[in-house]
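Contents: one structure, followed by commentary.
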Amino acid sequence: LAGNIAFNHVEGNPLIVTAGVDRIRLRRRPDINANQFLSGKVTWVGSSSMEIRMKISANEDGSDEWLEAYFTFVTLHPTTKKAIKISPLIPESDEERVHFELGAVKAQAKRAARKNKIQIGRPLSDESLKIDARAAQLLEQAGPLLKMPSLADPNTILMNETAQGNAMVAQPQARNLHDRIFGGFLMRRAFELAFATAYLFGGDKPRFLEVDDISFDKPVDVGDLLVFKSRVLYTMPDGGNLGHYVDKHDGLPLVNVEVEVWVTCPEQKKAEVSNHLYFTFALPESKTCKLVLPANIDQARRQAIRMHADEIQADLRP
C-alpha cells in the first residue's frame, strides 16, 4: 500500500525504490478475531524523496491505532537511474504540519549522519570523537570478561556468544514489480531470525516493540544466495523508554538485535551487505537480563554507534 501511495503522489512513470524504513512500532497486540484497517499518507516530501506514514487501526475511521511505520521512497529516472524532482507537499492541518516538520528533522538527521561517517583523510567530527570515547569505555568495561572470565560478573556476556544465522536461496515467488526480491520478504525473514536470537538469549519468549533504521543498500535478485547473520547488539537490563506510543514496556528488560543480510557469490568469492535491520524486543516475564559487552574495538564501535542512533531517535519519538 505504501508503494501505491508513492505512485499516486508522483507524476509520470518514474522508477520508485524503497530507500529505507525509518521505524515500525507496535503499540499493542491486535485482536486476531476482528477486522483491521491499513491506511497511509505522504507526510513529508524533499527534492526527490518522500516519507509515507502507514498505520493499522481497529476501526475504519483510523481510531484505535495499534501500529505505525515510516517508509522512505526515492524517485529515479527510469533510464538514467538519476534522482528526479517530485511534486511538493503542502501541509494544511496542525497534525499534517507536525508530521511534515518531524519528517524534515529526520531527513536532516540522516544527512548529518552520512556527513559524519568516517572517511579516510578527513578529520573526525565531534560526534565521531564522542562515539569513539564511548566505544573505548565499553571495551574497558568488557576487560574482566575478556581477560579473567572466571572472575567476571556472571550477568555479563560477550556479543560473540549471542550470534545466530541461517542461509537461503532467493526464490522467484518473492519478486516485486521490478523483478527483484521484495523488501518485505527480507524484513520478515530477518524478523524471524531476530526473534529467535532474542528468545535464545533471554530464555523468555520476547515481545516485539519496534524495528528501526532498515537500510536497503543493495538490490537482491532471484537466485542470490542470502546469508542472514544476527546478534544481540546491546541490552538494557533495567528497561528503557521507547516513547508513550509503545504501551506496557516500562521497567522490562530490552534487547536490541542487529540483523545483516549478505548477498553471497561463492563462485566469485564475494559477499556484500544488502540490508541492516535493528529490532527491539522486551522480555515480559523477566526482571532483568545479561549485559552484552564487546569483544573487540569493532564491536565496541558498533555498540556505541547504535546506542547513539537510538538516543537521537528517542528525541524524535512522540
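Chain labels follow the order of the C-alpha cells: the first chain is A, the next B, and so on; residue numbering restarts at 1 in every chain, and ligands are counted from 1 in their shown order.
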**Request:** Would you mind writing down, as JSON, numbers by chain, each residue of stretch 55-255 of chain A that DSSP on the backbone assigns to alpha helix (DSSP H)?
**Result:** {"A": [94, 95, 96, 97, 98, 99, 100, 101, 102, 103, 104, 105, 106, 107, 108, 109, 110, 111, 112, 113, 114, 115, 126, 127, 128, 129, 130, 131, 132, 133, 134, 135, 136, 137, 138, 139, 140, 141, 143, 144, 145, 146, 147, 183, 184, 185, 186, 187, 188, 189, 190, 191, 192, 193, 194, 195, 196, 197, 198, 199, 200, 201, 202]}
**Request:** List every residue of stretch 14-232 of chain A that DSSP, applied to the backbone, labels as strand (DSSP E or B), and write the result as an NGL selection string.
**Result:** :A and (15-26 or 37-45 or 49-57 or 65-76 or 83 or 156-158 or 164-169 or 175 or 180-181 or 207-216 or 221 or 225-232)
Kindly save the residues from that selection, with C-alpha atoms included, as an mmCIF file, in the first residue's frame.
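Once written, part.cif looks like this:
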data_model
loop_
_atom_site.group_PDB
_atom_site.id
_atom_site.type_symbol
_atom_site.label_atom_id
_atom_site.label_comp_id
_atom_site.auth_asym_id
_atom_site.auth_seq_id
_atom_site.Cartn_x
_atom_site.Cartn_y
_atom_site.Cartn_z
ATOM 1 C CA LEU A 15 11.191 4.429 -11.028
ATOM 2 C CA ILE A 16 10.282 4.411 -7.328
ATOM 3 C CA VAL A 17 12.567 2.488 -4.988
ATOM 4 C CA THR A 18 12.430 1.902 -1.236
ATOM 5 C CA ALA A 19 15.335 3.760 0.338
ATOM 6 C CA GLY A 20 14.621 2.601 3.865
ATOM 7 C CA VAL A 21 12.161 2.016 6.657
ATOM 8 C CA ASP A 22 12.651 4.538 9.422
ATOM 9 C CA ARG A 23 10.617 2.833 12.104
ATOM 10 C CA ILE A 24 7.893 0.245 12.705
ATOM 11 C CA ARG A 25 6.390 0.397 16.195
ATOM 12 C CA LEU A 26 3.845 -1.854 17.820
ATOM 13 C CA PHE A 37 -7.711 -1.421 8.645
ATOM 14 C CA LEU A 38 -4.463 -0.415 6.908
ATOM 15 C CA SER A 39 -4.059 3.191 5.743
ATOM 16 C CA GLY A 40 -1.318 5.665 4.986
ATOM 17 C CA LYS A 41 -0.410 9.048 3.539
ATOM 18 C CA VAL A 42 2.576 11.096 2.406
ATOM 19 C CA THR A 43 3.824 13.103 5.387
ATOM 20 C CA TRP A 44 7.000 14.738 4.020
ATOM 21 C CA VAL A 45 8.495 15.408 0.589
ATOM 22 C CA SER A 49 12.359 11.563 -1.848
ATOM 23 C CA MET A 50 9.212 11.221 0.215
ATOM 24 C CA GLU A 51 8.205 9.810 3.575
ATOM 25 C CA ILE A 52 4.983 7.840 3.967
ATOM 26 C CA ARG A 53 3.425 7.068 7.327
ATOM 27 C CA MET A 54 1.423 3.853 7.474
ATOM 28 C CA LYS A 55 -0.817 2.739 10.299
ATOM 29 C CA ILE A 56 -3.068 -0.172 11.202
ATOM 30 C CA SER A 57 -6.224 0.536 13.191
ATOM 31 C CA GLU A 65 -4.365 2.633 16.080
ATOM 32 C CA TRP A 66 -2.012 -0.166 17.120
ATOM 33 C CA LEU A 67 0.900 0.004 14.658
ATOM 34 C CA GLU A 68 2.773 2.743 12.789
ATOM 35 C CA ALA A 69 5.512 2.581 10.162
ATOM 36 C CA TYR A 70 7.521 5.160 8.206
ATOM 37 C CA PHE A 71 8.743 4.333 4.686
ATOM 38 C CA THR A 72 11.142 6.431 2.614
ATOM 39 C CA PHE A 73 10.947 6.226 -1.179
ATOM 40 C CA VAL A 74 13.264 7.784 -3.773
ATOM 41 C CA THR A 75 12.200 8.590 -7.341
ATOM 42 C CA LEU A 76 14.633 7.878 -10.167
ATOM 43 C CA ALA A 83 17.185 11.193 -8.927
ATOM 44 C CA THR A 156 27.613 -10.107 31.504
ATOM 45 C CA ILE A 157 28.184 -11.874 28.197
ATOM 46 C CA LEU A 158 30.274 -11.205 25.081
ATOM 47 C CA GLN A 164 22.854 -16.793 15.209
ATOM 48 C CA GLY A 165 22.430 -17.217 11.456
ATOM 49 C CA ASN A 166 20.871 -19.015 8.516
ATOM 50 C CA ALA A 167 21.048 -19.069 4.723
ATOM 51 C CA MET A 168 18.659 -19.431 1.804
ATOM 52 C CA VAL A 169 18.424 -19.025 -1.958
ATOM 53 C CA ARG A 175 9.768 -10.957 -6.677
ATOM 54 C CA ARG A 180 13.928 -8.002 -7.677
ATOM 55 C CA ILE A 181 13.315 -9.676 -4.311
ATOM 56 C CA ARG A 207 7.659 -9.301 22.760
ATOM 57 C CA PHE A 208 8.368 -7.248 19.661
ATOM 58 C CA LEU A 209 8.321 -3.498 20.274
ATOM 59 C CA GLU A 210 9.911 -1.849 17.233
ATOM 60 C CA VAL A 211 12.235 -2.200 14.277
ATOM 61 C CA ASP A 212 14.269 0.839 13.397
ATOM 62 C CA ASP A 213 16.564 2.123 10.672
ATOM 63 C CA ILE A 214 16.127 -0.564 7.995
ATOM 64 C CA SER A 215 18.510 0.141 5.123
ATOM 65 C CA PHE A 216 18.334 -1.201 1.582
ATOM 66 C CA ASP A 221 17.965 -10.818 -7.367
ATOM 67 C CA LEU A 225 22.420 -16.855 -2.008
ATOM 68 C CA LEU A 226 21.371 -14.898 1.091
ATOM 69 C CA VAL A 227 23.160 -15.294 4.401
ATOM 70 C CA PHE A 228 21.377 -13.821 7.441
ATOM 71 C CA LYS A 229 23.552 -13.027 10.458
ATOM 72 C CA SER A 230 22.190 -11.814 13.783
ATOM 73 C CA ARG A 231 23.489 -10.939 17.214
ATOM 74 C CA VAL A 232 22.383 -9.103 20.308
#
**Asked** Quick one: of A:Pro14, A:Pro266, A:Pro88, A:Gly3, who's nearest to A:Asn176, counting only C-alpha atoms?
**Response**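 Closest to A:Asn176, using only C-alpha atoms: A:Gly3.
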**Request:** Would you please work out which residue, of A:Leu177, A:Ala304, A:Val273, A:Ala163, is nearest to A:Asn4 when using only C-alpha atoms?
**Result:** A:Leu177
**Item:** Selected residue, from A:Tyr234, A:Phe100, A:Phe7, A:Phe281, that lies nearest to A:Lys205 when counting only C-alpha atoms
**Value:**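 Of all the options, A:Phe281 lies closest to A:Lys205.
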**Prompt:** Near stretch 252-255 of chain A, within 9 Å and counting only C-alpha atoms, which residues show up once chain neighbours fewer than 2 positions away are dropped, as a PyMOL selection string?
**Reply:** chain A and resi 198+201-202+206+232-240+248-250+257+279-289
**Computed interatomic separation between atom CA of A:Ala34 and atom CA of A:Asp247 (Å)** =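 So the answer is 20.1 Å.
Among A:Ala271, A:Gln137, A:Lys290, A:Val263, the residue with the shortest atom-to-atom distance to A:Gly203, counting only C-alpha atoms, is A:Lys290.
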